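Engineer: Take this structure first; my questions come after.
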Amino acid sequence: MSILVTTNTKVLVQGITGSFGAKHAQLSIDYGTQIVAGVTPGKGGQFFEHGGKKVPIFDTVADAVKQTGATASAVFVPPPFAADAILEGADAGLDLVVAITEGIPVRDMVRVKRALQGNTKTRLIGPNCPGIVTPGEGKDSHGGCRIGIAPGYIHKKGNIGVVSRSGTLTYEAVWQLTSRGVGQSTCVGIGGDPVNGTSHLDVIKLFNADPETTGLIMIGEIGGSAEEEAAEWIKKNCKKPVAGFIAGATAPPGRRMGHAGAIVSGGKGTAAAKIAAFKDAGIGIAVTPSEMADTLLKMM
Amino acid sequence: MNIHEYQAKQLLAQYGVNVPYEIPAKSLTEVRPAAEKIAASGSAKVVVKSQIHAGGRGKGTFKSGFQGGVKVAGSVDEAVGFAGKMLGQTLVTKQTGADGRMVQTLLLAAGAKIKKEFYLAVLLNRETSRPLIMASTEGGMDIEEVAEKHPEKIFKETIDPAVGIMPYQARKISAALGLKGDLFNTGVKLITGVYNTWWECDASMVELNPMAVVELADGKETVMALDAKISLDDNALYRHKNILEMRDLNEEAALEIEASKFNLNYIKLDGSIACLVNGAGLAMATMDIIQHFGGNPANFLDVGGGASKEQVTAAFKIILSDPHVKGILVNIFGGIMDCNVIATGIVAAVKETGLKLPLVVRLEGNNVAAGKKTLAESGVAIITGDSMADAAQKVVKAVGK
């Protein structure tokens with residue numbers, strides 16, 4: 001099994017005609033993901049063609065869902081329009097909206113999060129995230145569900161769950177696992193922004209409940225306290241081995257380290273505090289990012 | 001983005017927040033008329049405040065030896081005298097680091113007789129994803145210290161973004177600060193204005209420290225923002241042209257400004273090992289691993305998902321303009337990008353910049369074998385690392401020699 005998406009999940013792409021959205025829609029189609037629709041307001045009725053496939057484009061997400069049965073979306077629209085796109089996906093009743101867009105104003109996300117409060121139908125992942133991959137069974141994990149911008153071929157179908165705020169660190173962990181012959185159930189990038197739809201803890205709970213996920217890698221970074229919250233829950237409830245890595249031990253306080261959410265402010269959100277919480281929860285600490293997979297495998 | 005105190009107060013005033021009568025001055029010729037206007041307003045004192053993007057100004061010291069970045073003058077002449085010792089001078093405070101910051105603007109303000117000082121701030125509570133107002137009766141102090149020693153003295157009110165600040169919430173805060181009578185109502189108006197400034201301007205933080213009850217020249221008391229600090233959400237600046245104009249490039253590191261022109265996310269640090277990485281998380285982790293193996297990172301540098309030849313060349317030039325740099329670690333996980341394209345870019349950048357320092361490259365991902373071959377056959381001295389750990393150890397060793 002997997003979490004959030006299976007290899008059969010029907011995916012639509014919001015912003016499929018933009019250069020970024022188009023490129024990654026093509027890569028997802030190449031990977032074997034069921035990209036069933038695109039949405040670009042004003043281009044309804046046209047088609048997105050790639051690799052012999054004709055993906056219909058709709059003016060609204062609601063239309064796309066109605067016509068194609070899509071249940072998940074990848075949001076690639078530019079920051080000023082992203083909040084609108086996310087809420088349009090929720091309004092259309094999607095199960096999953098994955099917001100890849102980087103640079104959405106915090107205030108917009110505060111409003112989105114408020115608007116989604118109490119919405120038990122739609123889960124938002126991101127924004128500012130690499131997305132989600134459930135690897136397939138083909139060569140280089142072909143046939144999997146790839147929503148977002150992660151390189152598909154680095155994955156391998158298997159039983160490890162990966163959750164991270166950082167894109168490249170996710171790829172790093174996944175590649176370490178795959179290089180050791182160890183596959184993944186699902187890999188989730190929750191994004192580097194201070195306000196996001198799904199937290200480490202949300203994903204950890206899903207992995208814990210997934211019978212086919214047997215071990216977890218949780219990658220965090222400075223800023224906020226989401227890692228500490230997840231660690232506290234893991235300590236009490238998680239029966240599966242978890243290895244963790246926290247980036248940003250050397251980051252100067254008060255500076256945003258690339259990600260909008262990666263900032264130590266007022267002495268809060270330090271790597272030291274997060275690592276201490278991990279240790280307290282029995283999470284295996286990867287001392288360097290080169291040891292993420294090995295740390296987990298030693299625990300299993 | 002951060003803005004100066006005087007700019008913060010201009011924004012706050014637009015949202016109905018009471019601020020002292022004050023005038024910014026960028027040169028000595030502007031100082032005297034400004035001080036005269038303030039004296040003419042009935043204020044016996046003229047406060048001269050250095051405008052830099054750092055706290056601790058009052059207790060700071062100029063490199064000239066002159067003490068204090070904030071001075072209270074008893075006359076216009078004295079104010080002009082202080083200004084002469086501050087403008088164009090470098091102020092060192094506990095927040096500036098040893099290099100200090102050059103004072104290029106002064107704020108001249110009417111003196112205020114402070115009766116009571118408070119702390120008031122609006123920020124994002126990341127745990128609830130909602131705005132949070134923090135207020136304390138312990139104003140004019142380091143709020144982190146108050147939070148640690150007297151958490152009961154910090155009053156918190158969460159705002160529902162769907163409705164914004166409600167009057168009752170501002171009343172709760174005003175009451176918690178112990179304001180009474182007319183001051184209570186003035187406090188409510190100020191608190192509401194501060195919240196609205198935060199929301200409407202897309203601020204990440206608005207902080208008044210202190211907000212104060214002051215006695216005016218006519219003996220009446222009022223509540224006002226005596227000092228103010230605002231930092232803004234960079235991602236929202238596109239919709240605030242007026243605020244974007246407040247950007248002061250003098251307050252930003254020259255190399256960071258240069259990097260931003262190439263869409264490079266660069267932050268200068270104090271170490272000797274520069275790094276060039278794709279992805280923010282991996283860039284942080286690269287700094288960490290350099291330190292783990294005994295080195296010191298010279299910078300954070302995220303070249304983003306692409307890492308084109310132009311970007312890598314620009315990145316090398318920026319890295320090399322830091323005289324402390326003794327070696328470079330390039331760490332690229334080429335997920336989608338072809339590693340060979342990246343390798344070609346690195347080789348071209350090395351040749352173009354005439355790099356002489358030890359360079360360790362760790363490439364991983366798509367078409368990595370061809371990338372490594374390109375590096376090996378390039379004829380330039382590049383040390384390759386097999387893993388992040390291997391690369392970090394090699395660069396630390398190379399620099400240590």
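Convention: chains lettered A, B, ... in structure tokens order; per-chain residue numbering from 1; ligands numbered from 1 as shown.
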Which residues of chain B come within 6 Å of chain A, and what is each one's closest atom pair and distance in Å (one decimal), counting only C-alpha atoms, sorted by chain and residue number, as CSV?
Structural biologist:
```
residue,atom,partner,partner_atom,distance
B:Ser129,CA,A:Val195,CA,5.8
B:Asn235,CA,A:Pro105,CA,5.0
B:Ala236,CA,A:Pro105,CA,4.9
B:Gly279,CA,A:Thr168,CA,5.6
B:Ala280,CA,A:Gly258,CA,5.0
B:Gly281,CA,A:Ser166,CA,5.0
B:Leu282,CA,A:Leu169,CA,5.4
B:Met284,CA,A:Gly248,CA,5.0
B:Ala285,CA,A:Ala247,CA,4.9
B:Asp288,CA,A:Thr250,CA,5.5
B:Ile289,CA,A:Thr288,CA,5.9
B:Gly335,CA,A:Pro151,CA,5.1
B:Ile336,CA,A:Pro151,CA,5.5
B:Met388,CA,A:Ser290,CA,5.9
B:Ala389,CA,A:Ser290,CA,5.9
```
Engineer: Contacts of Leu363 (chain B) at 7 Å or less, counting only C-alpha atoms, minus same-chain residues fewer than 6 places along, as JSON, numbers by chain?
Structural biologist: {"B": [331, 332, 333, 339]}
Engineer: Give me the residues within 9 Å of Ala25 (chain B) as a CSV table (one decimal) with N, CA and C atoms, in the first residue's frame, counting only C-alpha atoms and dropping any in the same chain fewer than 3 places off.
Structural biologist:
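That gives us part-v4.csv:
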```
chain,number,residue,atom,x,y,z
B,28,LEU,N,23.2,66.9,7.6
B,28,LEU,CA,23.3,67.9,8.6
B,28,LEU,C,22.4,69.1,8.3
B,29,THR,N,22.4,69.4,7.0
B,29,THR,CA,21.6,70.6,6.6
B,29,THR,C,20.1,70.4,6.9
B,30,GLU,N,19.7,69.1,6.9
B,30,GLU,CA,18.3,68.8,7.2
B,30,GLU,C,18.0,68.8,8.7
B,31,VAL,N,19.1,68.6,9.4
B,31,VAL,CA,18.9,68.3,10.9
B,31,VAL,C,18.4,69.6,11.6
B,34,ALA,N,14.8,70.6,11.0
B,34,ALA,CA,13.9,69.5,11.6
B,34,ALA,C,13.9,69.7,13.2
B,104,GLN,N,23.1,56.6,8.2
B,104,GLN,CA,22.9,57.5,7.1
B,104,GLN,C,21.7,58.3,7.2
B,105,THR,N,20.8,57.9,8.2
B,105,THR,CA,19.6,58.7,8.5
B,105,THR,C,19.5,58.9,10.0
B,106,LEU,N,19.0,60.0,10.4
B,106,LEU,CA,18.7,60.3,11.8
B,106,LEU,C,17.2,60.5,11.8
B,107,LEU,N,16.6,60.2,13.0
B,107,LEU,CA,15.2,60.5,13.2
B,107,LEU,C,15.2,61.5,14.4
B,108,LEU,N,14.7,62.7,14.1
B,108,LEU,CA,14.5,63.7,15.2
B,108,LEU,C,13.1,63.7,15.7
```
Engineer: Can you list, as a ChimeraX atom specification, all residues belonging to region 84-235 of chain A that DSSP tags as alpha helix (DSSP H)?
Structural biologist: /A:84-91,106-116,167-179,200-209,226-235
Engineer: Put those residues in a file: N, CA and C atoms, as a short mmCIF file (atom, residue, chain, number, x, y, z; two decimals), in the first residue's frame.
Structural biologist:
```
data_model
loop_
_atom_site.label_atom_id
_atom_site.label_comp_id
_atom_site.auth_asym_id
_atom_site.auth_seq_id
_atom_site.Cartn_x
_atom_site.Cartn_y
_atom_site.Cartn_z
N ASP A 84 -5.95 31.10 -4.63
CA ASP A 84 -7.20 30.90 -5.36
C ASP A 84 -7.26 29.50 -5.95
N ALA A 85 -6.14 29.08 -6.55
CA ALA A 85 -6.10 27.76 -7.19
C ALA A 85 -6.29 26.64 -6.17
N ILE A 86 -5.67 26.80 -5.00
CA ILE A 86 -5.79 25.78 -3.95
C ILE A 86 -7.25 25.65 -3.51
N LEU A 87 -7.86 26.80 -3.25
CA LEU A 87 -9.25 26.77 -2.76
C LEU A 87 -10.21 26.31 -3.86
N GLU A 88 -9.85 26.56 -5.11
CA GLU A 88 -10.69 26.06 -6.20
C GLU A 88 -10.65 24.52 -6.21
N GLY A 89 -9.46 23.98 -5.95
CA GLY A 89 -9.34 22.53 -5.87
C GLY A 89 -10.16 21.94 -4.74
N ALA A 90 -10.16 22.63 -3.60
CA ALA A 90 -10.95 22.17 -2.46
C ALA A 90 -12.44 22.27 -2.78
N ASP A 91 -12.81 23.37 -3.41
CA ASP A 91 -14.22 23.58 -3.75
C ASP A 91 -14.72 22.49 -4.70
N VAL A 106 2.55 34.80 2.98
CA VAL A 106 2.07 34.12 4.19
C VAL A 106 0.60 34.45 4.45
N ARG A 107 0.24 35.71 4.26
CA ARG A 107 -1.14 36.12 4.54
C ARG A 107 -2.13 35.31 3.69
N ASP A 108 -1.76 35.04 2.45
CA ASP A 108 -2.64 34.25 1.59
C ASP A 108 -2.82 32.84 2.16
N MET A 109 -1.71 32.28 2.66
CA MET A 109 -1.79 30.92 3.20
C MET A 109 -2.54 30.89 4.54
N VAL A 110 -2.43 31.97 5.31
CA VAL A 110 -3.21 32.06 6.55
C VAL A 110 -4.70 32.00 6.22
N ARG A 111 -5.08 32.69 5.17
CA ARG A 111 -6.49 32.70 4.77
C ARG A 111 -6.91 31.33 4.21
N VAL A 112 -6.03 30.73 3.41
CA VAL A 112 -6.33 29.41 2.84
C VAL A 112 -6.54 28.39 3.96
N LYS A 113 -5.61 28.43 4.91
CA LYS A 113 -5.66 27.46 6.01
C LYS A 113 -6.96 27.66 6.81
N ARG A 114 -7.34 28.92 7.01
CA ARG A 114 -8.59 29.21 7.72
C ARG A 114 -9.79 28.71 6.93
N ALA A 115 -9.74 28.91 5.61
CA ALA A 115 -10.86 28.49 4.77
C ALA A 115 -10.99 26.97 4.73
N LEU A 116 -9.86 26.27 4.87
CA LEU A 116 -9.89 24.80 4.81
C LEU A 116 -10.20 24.18 6.17
N GLY A 167 13.04 19.66 -0.52
CA GLY A 167 13.03 18.84 -1.72
C GLY A 167 14.29 18.03 -1.90
N THR A 168 15.43 18.71 -2.02
CA THR A 168 16.66 17.99 -2.34
C THR A 168 17.07 17.03 -1.22
N LEU A 169 16.74 17.36 0.03
CA LEU A 169 17.07 16.41 1.10
C LEU A 169 16.17 15.17 1.02
N THR A 170 14.94 15.35 0.52
CA THR A 170 14.09 14.18 0.28
C THR A 170 14.73 13.28 -0.76
N TYR A 171 15.17 13.91 -1.88
CA TYR A 171 15.78 13.11 -2.95
C TYR A 171 17.00 12.37 -2.42
N GLU A 172 17.77 13.09 -1.59
CA GLU A 172 18.98 12.53 -1.00
C GLU A 172 18.63 11.26 -0.20
N ALA A 173 17.61 11.37 0.65
CA ALA A 173 17.22 10.23 1.48
C ALA A 173 16.69 9.09 0.61
N VAL A 174 15.85 9.44 -0.36
CA VAL A 174 15.27 8.42 -1.23
C VAL A 174 16.38 7.70 -2.00
N TRP A 175 17.31 8.47 -2.52
CA TRP A 175 18.40 7.88 -3.31
C TRP A 175 19.27 6.98 -2.45
N GLN A 176 19.52 7.41 -1.21
CA GLN A 176 20.29 6.55 -0.29
C GLN A 176 19.58 5.22 -0.09
N LEU A 177 18.26 5.28 0.08
CA LEU A 177 17.49 4.04 0.28
C LEU A 177 17.55 3.18 -0.98
N THR A 178 17.23 3.79 -2.11
CA THR A 178 17.17 3.03 -3.36
C THR A 178 18.54 2.42 -3.69
N SER A 179 19.61 3.18 -3.46
CA SER A 179 20.96 2.68 -3.73
C SER A 179 21.30 1.48 -2.87
N HIS A 200 4.42 17.45 9.47
CA HIS A 200 5.13 16.20 9.70
C HIS A 200 4.23 15.20 10.42
N LEU A 201 3.58 15.70 11.47
CA LEU A 201 2.77 14.81 12.30
C LEU A 201 1.64 14.17 11.50
N ASP A 202 0.96 14.97 10.67
CA ASP A 202 -0.13 14.42 9.85
C ASP A 202 0.37 13.25 9.02
N VAL A 203 1.54 13.43 8.41
CA VAL A 203 2.07 12.38 7.53
C VAL A 203 2.54 11.17 8.34
N ILE A 204 3.17 11.44 9.48
CA ILE A 204 3.63 10.34 10.34
C ILE A 204 2.44 9.47 10.76
N LYS A 205 1.33 10.12 11.11
CA LYS A 205 0.14 9.34 11.51
C LYS A 205 -0.33 8.44 10.37
N LEU A 206 -0.31 8.99 9.16
CA LEU A 206 -0.73 8.18 8.00
C LEU A 206 0.21 6.99 7.79
N PHE A 207 1.51 7.25 7.90
CA PHE A 207 2.48 6.16 7.74
C PHE A 207 2.31 5.12 8.84
N ASN A 208 2.06 5.59 10.04
CA ASN A 208 1.91 4.66 11.16
C ASN A 208 0.72 3.73 10.94
N ALA A 209 -0.32 4.28 10.30
CA ALA A 209 -1.53 3.49 10.09
C ALA A 209 -1.44 2.63 8.83
N ALA A 226 7.13 22.10 14.40
CA ALA A 226 6.41 20.96 13.85
C ALA A 226 7.13 19.64 14.12
N GLU A 227 8.47 19.67 14.09
CA GLU A 227 9.24 18.45 14.33
C GLU A 227 9.08 18.01 15.78
N GLU A 228 9.06 18.98 16.70
CA GLU A 228 8.90 18.64 18.11
C GLU A 228 7.52 18.01 18.36
N GLU A 229 6.49 18.59 17.72
CA GLU A 229 5.13 18.03 17.88
C GLU A 229 5.08 16.60 17.37
N ALA A 230 5.70 16.37 16.22
CA ALA A 230 5.70 15.03 15.65
C ALA A 230 6.45 14.07 16.58
N ALA A 231 7.57 14.54 17.11
CA ALA A 231 8.39 13.69 17.99
C ALA A 231 7.60 13.28 19.23
N GLU A 232 6.86 14.23 19.78
CA GLU A 232 6.09 13.93 20.99
C GLU A 232 5.05 12.84 20.72
N TRP A 233 4.42 12.93 19.56
CA TRP A 233 3.42 11.92 19.19
C TRP A 233 4.08 10.57 18.95
N ILE A 234 5.22 10.61 18.26
CA ILE A 234 5.94 9.37 17.95
C ILE A 234 6.31 8.65 19.24
N LYS A 235 6.77 9.44 20.22
CA LYS A 235 7.18 8.86 21.49
C LYS A 235 6.04 8.04 22.11
#
```
Engineer: Taking only region 79-108 of chain A into account, list the residues labelled strand (DSSP E) by DSSP (computed from the backbone), as a ChimeraX atom specification.
Structural biologist: /A:96-99
Engineer: Would you save the residues of that selection, restricted to N, CA and C atoms, as a CSV table (one decimal), in the first residue's frame?
Structural biologist:
```csv
chain,number,residue,atom,x,y,z
A,96,LEU,N,-7.0,15.5,-2.6
A,96,LEU,CA,-5.7,16.0,-2.4
A,96,LEU,C,-5.3,17.1,-3.3
A,97,VAL,N,-4.8,18.2,-2.7
A,97,VAL,CA,-4.3,19.3,-3.5
A,97,VAL,C,-2.8,19.5,-3.1
A,98,VAL,N,-1.9,19.4,-4.1
A,98,VAL,CA,-0.5,19.5,-3.8
A,98,VAL,C,0.0,20.8,-4.4
A,99,ALA,N,0.4,21.7,-3.6
A,99,ALA,CA,0.8,23.0,-4.1
A,99,ALA,C,2.3,23.1,-4.2
```
Engineer: Give me, as a PyMOL selection string, all polymer residues having an atom no more than 12 Å from Thr17 (chain A), counting only C-alpha atoms and skipping those fewer than 4 positions away in the same chain.
Structural biologist: chain A and resi 13+21-26+37-44+46-49+55-59+75-78
Engineer: The selected residues should be written to file as an mmCIF file, in the first residue's frame (atoms: N, CA and C atoms).
Structural biologist:
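Listing of result18.cif after writing:
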```
data_model
loop_
_atom_site.group_PDB
_atom_site.id
_atom_site.type_symbol
_atom_site.label_atom_id
_atom_site.label_comp_id
_atom_site.auth_asym_id
_atom_site.auth_seq_id
_atom_site.Cartn_x
_atom_site.Cartn_y
_atom_site.Cartn_z
ATOM 1 N N VAL A 13 -3.586 18.767 -13.378
ATOM 2 C CA VAL A 13 -2.519 19.744 -13.172
ATOM 3 C C VAL A 13 -3.089 21.149 -13.357
ATOM 4 N N GLY A 21 4.709 24.092 -15.091
ATOM 5 C CA GLY A 21 3.664 23.067 -15.001
ATOM 6 C C GLY A 21 3.734 22.090 -16.155
ATOM 7 N N ALA A 22 3.981 22.626 -17.356
ATOM 8 C CA ALA A 22 4.019 21.772 -18.545
ATOM 9 C C ALA A 22 5.177 20.779 -18.471
ATOM 10 N N LYS A 23 6.350 21.286 -18.064
ATOM 11 C CA LYS A 23 7.530 20.424 -17.996
ATOM 12 C C LYS A 23 7.285 19.248 -17.049
ATOM 13 N N HIS A 24 6.712 19.569 -15.886
ATOM 14 C CA HIS A 24 6.540 18.493 -14.909
ATOM 15 C C HIS A 24 5.327 17.623 -15.196
ATOM 16 N N ALA A 25 4.357 18.155 -15.916
ATOM 17 C CA ALA A 25 3.256 17.298 -16.378
ATOM 18 C C ALA A 25 3.825 16.258 -17.345
ATOM 19 N N GLN A 26 4.722 16.710 -18.218
ATOM 20 C CA GLN A 26 5.354 15.777 -19.168
ATOM 21 C C GLN A 26 6.137 14.694 -18.430
ATOM 22 N N ALA A 37 -6.103 15.383 -16.597
ATOM 23 C CA ALA A 37 -6.656 16.686 -16.994
ATOM 24 C C ALA A 37 -5.679 17.796 -16.658
ATOM 25 N N GLY A 38 -5.858 18.904 -17.386
ATOM 26 C CA GLY A 38 -5.145 20.121 -17.044
ATOM 27 C C GLY A 38 -6.166 21.221 -16.847
ATOM 28 N N VAL A 39 -5.801 22.224 -16.058
ATOM 29 C CA VAL A 39 -6.705 23.360 -15.888
ATOM 30 C C VAL A 39 -5.929 24.648 -16.159
ATOM 31 N N THR A 40 -6.395 25.399 -17.128
ATOM 32 C CA THR A 40 -5.889 26.744 -17.372
ATOM 33 C C THR A 40 -7.089 27.594 -17.781
ATOM 34 N N PRO A 41 -7.465 28.550 -16.937
ATOM 35 C CA PRO A 41 -8.657 29.355 -17.255
ATOM 36 C C PRO A 41 -8.502 30.028 -18.620
ATOM 37 N N GLY A 42 -9.481 29.847 -19.471
ATOM 38 C CA GLY A 42 -9.441 30.451 -20.800
ATOM 39 C C GLY A 42 -8.940 29.507 -21.878
ATOM 40 N N LYS A 43 -8.401 28.363 -21.476
ATOM 41 C CA LYS A 43 -7.897 27.414 -22.468
ATOM 42 C C LYS A 43 -8.695 26.113 -22.481
ATOM 43 N N GLY A 44 -9.856 26.160 -21.849
ATOM 44 C CA GLY A 44 -10.730 24.989 -21.838
ATOM 45 C C GLY A 44 -11.041 24.544 -23.260
ATOM 46 N N GLN A 46 -8.945 22.933 -25.170
ATOM 47 C CA GLN A 46 -7.688 22.592 -25.832
ATOM 48 C C GLN A 46 -7.125 21.297 -25.227
ATOM 49 N N PHE A 47 -6.022 20.847 -25.794
ATOM 50 C CA PHE A 47 -5.393 19.629 -25.273
ATOM 51 C C PHE A 47 -3.919 19.869 -24.971
ATOM 52 N N PHE A 48 -3.441 19.156 -23.972
ATOM 53 C CA PHE A 48 -2.012 19.147 -23.650
ATOM 54 C C PHE A 48 -1.488 17.836 -24.200
ATOM 55 N N GLU A 49 -0.618 17.931 -25.199
ATOM 56 C CA GLU A 49 -0.181 16.709 -25.861
ATOM 57 C C GLU A 49 1.252 16.376 -25.508
ATOM 58 N N VAL A 55 -4.098 15.164 -23.222
ATOM 59 C CA VAL A 55 -4.738 15.448 -21.935
ATOM 60 C C VAL A 55 -5.668 16.651 -22.115
ATOM 61 N N PRO A 56 -6.959 16.479 -21.836
ATOM 62 C CA PRO A 56 -7.885 17.602 -22.035
ATOM 63 C C PRO A 56 -7.653 18.726 -21.017
ATOM 64 N N ILE A 57 -7.799 19.952 -21.494
ATOM 65 C CA ILE A 57 -7.646 21.129 -20.632
ATOM 66 C C ILE A 57 -9.030 21.712 -20.357
ATOM 67 N N PHE A 58 -9.243 22.105 -19.104
ATOM 68 C CA PHE A 58 -10.525 22.676 -18.700
ATOM 69 C C PHE A 58 -10.317 24.088 -18.143
ATOM 70 N N ASP A 59 -11.428 24.850 -18.164
ATOM 71 C CA ASP A 59 -11.368 26.211 -17.616
ATOM 72 C C ASP A 59 -11.416 26.208 -16.087
ATOM 73 N N VAL A 75 -0.612 21.875 -8.104
ATOM 74 C CA VAL A 75 -0.782 23.303 -8.368
ATOM 75 C C VAL A 75 0.564 23.913 -8.763
ATOM 76 N N PHE A 76 0.630 24.412 -9.995
ATOM 77 C CA PHE A 76 1.851 25.049 -10.504
ATOM 78 C C PHE A 76 1.633 26.519 -10.827
ATOM 79 N N VAL A 77 0.505 27.076 -10.408
ATOM 80 C CA VAL A 77 0.207 28.459 -10.817
ATOM 81 C C VAL A 77 1.088 29.440 -10.043
ATOM 82 N N PRO A 78 1.381 30.613 -10.619
ATOM 83 C CA PRO A 78 2.277 31.570 -9.968
ATOM 84 C C PRO A 78 1.723 32.057 -8.618
#
```
Engineer: Can you pull out every residue within 10 Å of Asn125 (chain B), counting only C-alpha atoms, but drop anything in the same chain fewer than 2 positions away, and send it as a compact mmCIF listing (two decimals) with N, CA and C atoms, in the first residue's frame?
Structural biologist:
```txt
# COMPACT_ATOMS: atom_id res chain seq x y z
N PRO A 194 6.25 28.67 6.25
CA PRO A 194 5.81 28.65 7.66
C PRO A 194 4.36 28.21 7.85
N VAL A 195 3.53 28.39 6.83
CA VAL A 195 2.14 27.91 6.92
C VAL A 195 1.95 26.88 5.82
N GLY A 224 10.01 27.04 13.52
CA GLY A 224 8.75 26.45 13.97
C GLY A 224 8.97 25.32 14.96
N VAL B 122 2.83 41.97 16.89
CA VAL B 122 1.97 41.07 16.12
C VAL B 122 2.87 40.20 15.27
N LEU B 123 2.61 38.92 15.26
CA LEU B 123 3.40 37.99 14.47
C LEU B 123 2.55 36.79 14.09
N GLU B 127 2.19 27.58 15.02
CA GLU B 127 1.49 26.38 15.50
C GLU B 127 0.01 26.40 15.12
N THR B 128 -0.59 27.60 15.09
CA THR B 128 -2.01 27.70 14.77
C THR B 128 -2.25 28.24 13.37
N SER B 129 -1.18 28.71 12.71
CA SER B 129 -1.29 29.38 11.41
C SER B 129 -2.21 30.60 11.49
N ARG B 130 -2.21 31.25 12.63
CA ARG B 130 -3.03 32.45 12.81
C ARG B 130 -2.18 33.58 13.37
N PRO B 131 -2.64 34.82 13.14
CA PRO B 131 -1.93 35.96 13.72
C PRO B 131 -2.05 35.93 15.24
N LEU B 132 -0.98 36.38 15.88
CA LEU B 132 -0.94 36.41 17.33
C LEU B 132 -0.49 37.80 17.79
N ILE B 133 -1.24 38.37 18.74
CA ILE B 133 -0.80 39.63 19.35
C ILE B 133 -0.20 39.29 20.71
N THR B 158 -5.01 35.47 20.12
CA THR B 158 -4.99 34.96 18.75
C THR B 158 -6.12 35.59 17.94
N ILE B 159 -5.80 35.96 16.71
CA ILE B 159 -6.80 36.61 15.86
C ILE B 159 -7.29 35.63 14.80
```
Engineer: In terms of the shortest atom-to-atom distance over only C-alpha atoms, which of B:Asn340, B:Trp198, B:Asp234, B:Ile23 is closest to Arg247 (chain B)?
Structural biologist: B:Asp234
Engineer: Excluding Arg32 (chain B) and residues on its chain fewer than 4 positions from it, collect all residues at most 10 Å away from it, counting only C-alpha atoms, and give them as a PyMOL selection string.
Structural biologist: chain B and resi 25+27-28+36-38+76-77+79-81+83+108
Engineer: Between B:Leu301, B:Pro24, B:Asn2, B:Leu120, which one has atoms that come closest to Met246 (chain B), using only C-alpha atoms?
Structural biologist: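 Looking at the shortest contact to Met246 (chain B), the residue is B:Asn2.
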Engineer: Please report, as a Markdown table, each residue of region 34-96 of chain B lying at most 9 Å from region 210-227 of chain B, together with the nearest pair of atoms and the separation in Å rounded to one decimal; use only C-alpha atoms, and order rows by chain and ascending residue number.
Structural biologist:
```
| residue | atom | partner | partner_atom | distance |
| --- | --- | --- | --- | --- |
| B:Gly42 | CA | B:Ala217 | CA | 6.4 |
| B:Ser43 | CA | B:Ala217 | CA | 6.3 |
| B:Ala44 | CA | B:Ala217 | CA | 8.0 |
```
Engineer: Between CA of Lys309 (chain B) and CA of Glu377 (chain B), what distance in Å does the model show, to one decimal?
Structural biologist: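 For CA of Lys309 (chain B) relative to CA of Glu377 (chain B), the distance reads 17.8 Å.
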Engineer: What does the distance between CA of Ala73 (chain B) and CA of Lys85 (chain B) come to in Å, to one decimal place?
Structural biologist: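 Spanning CA of Ala73 (chain B) to CA of Lys85 (chain B) is a straight-line distance of 12.9 Å.
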Engineer: B:Ala381, B:Val360, B:Val72, B:Ala259: which is nearest Ser321 (chain B), counting only C-alpha atoms?
Structural biologist: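 Of B:Ala381, B:Val360, B:Val72, B:Ala259, the one nearest Ser321 (chain B) is B:Ala259, counting only C-alpha atoms.
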Engineer: Hey, can you check how far CA of Gln14 (chain A) sits from CA of Val133 (chain A)?
Structural biologist: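 Distance reported for this atom pair: 17.6 Å.
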Engineer: For Thr33 (chain A), please output as number ranges by chain all residues within 7 Å (counting only C-alpha atoms; exclusion window: fewer than 5 positions along the same chain).
Structural biologist: A: 28, 143-146
Engineer: Generate the output file for the selected residues, C-alpha atoms, as an mmCIF file, in the first residue's frame.
Structural biologist:
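Dumped to again-v3.cif:
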```cif
data_model
loop_
_atom_site.group_PDB
_atom_site.id
_atom_site.type_symbol
_atom_site.label_atom_id
_atom_site.label_comp_id
_atom_site.auth_asym_id
_atom_site.auth_seq_id
_atom_site.Cartn_x
_atom_site.Cartn_y
_atom_site.Cartn_z
ATOM 1 C CA SER A 28 4.797 12.723 -14.721
ATOM 2 C CA GLY A 143 4.116 3.433 -13.239
ATOM 3 C CA GLY A 144 4.092 5.299 -9.953
ATOM 4 C CA CYS A 145 2.093 8.325 -8.966
ATOM 5 C CA ARG A 146 4.242 11.435 -9.168
#
```
Engineer: Between A:Asn237, A:Thr7, A:Thr186, A:Asn128, which is the closest to Gly282 (chain A) once you count only C-alpha atoms?
Structural biologist: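 Using only C-alpha atoms, the shortest distance to Gly282 (chain A) belongs to A:Asn237.
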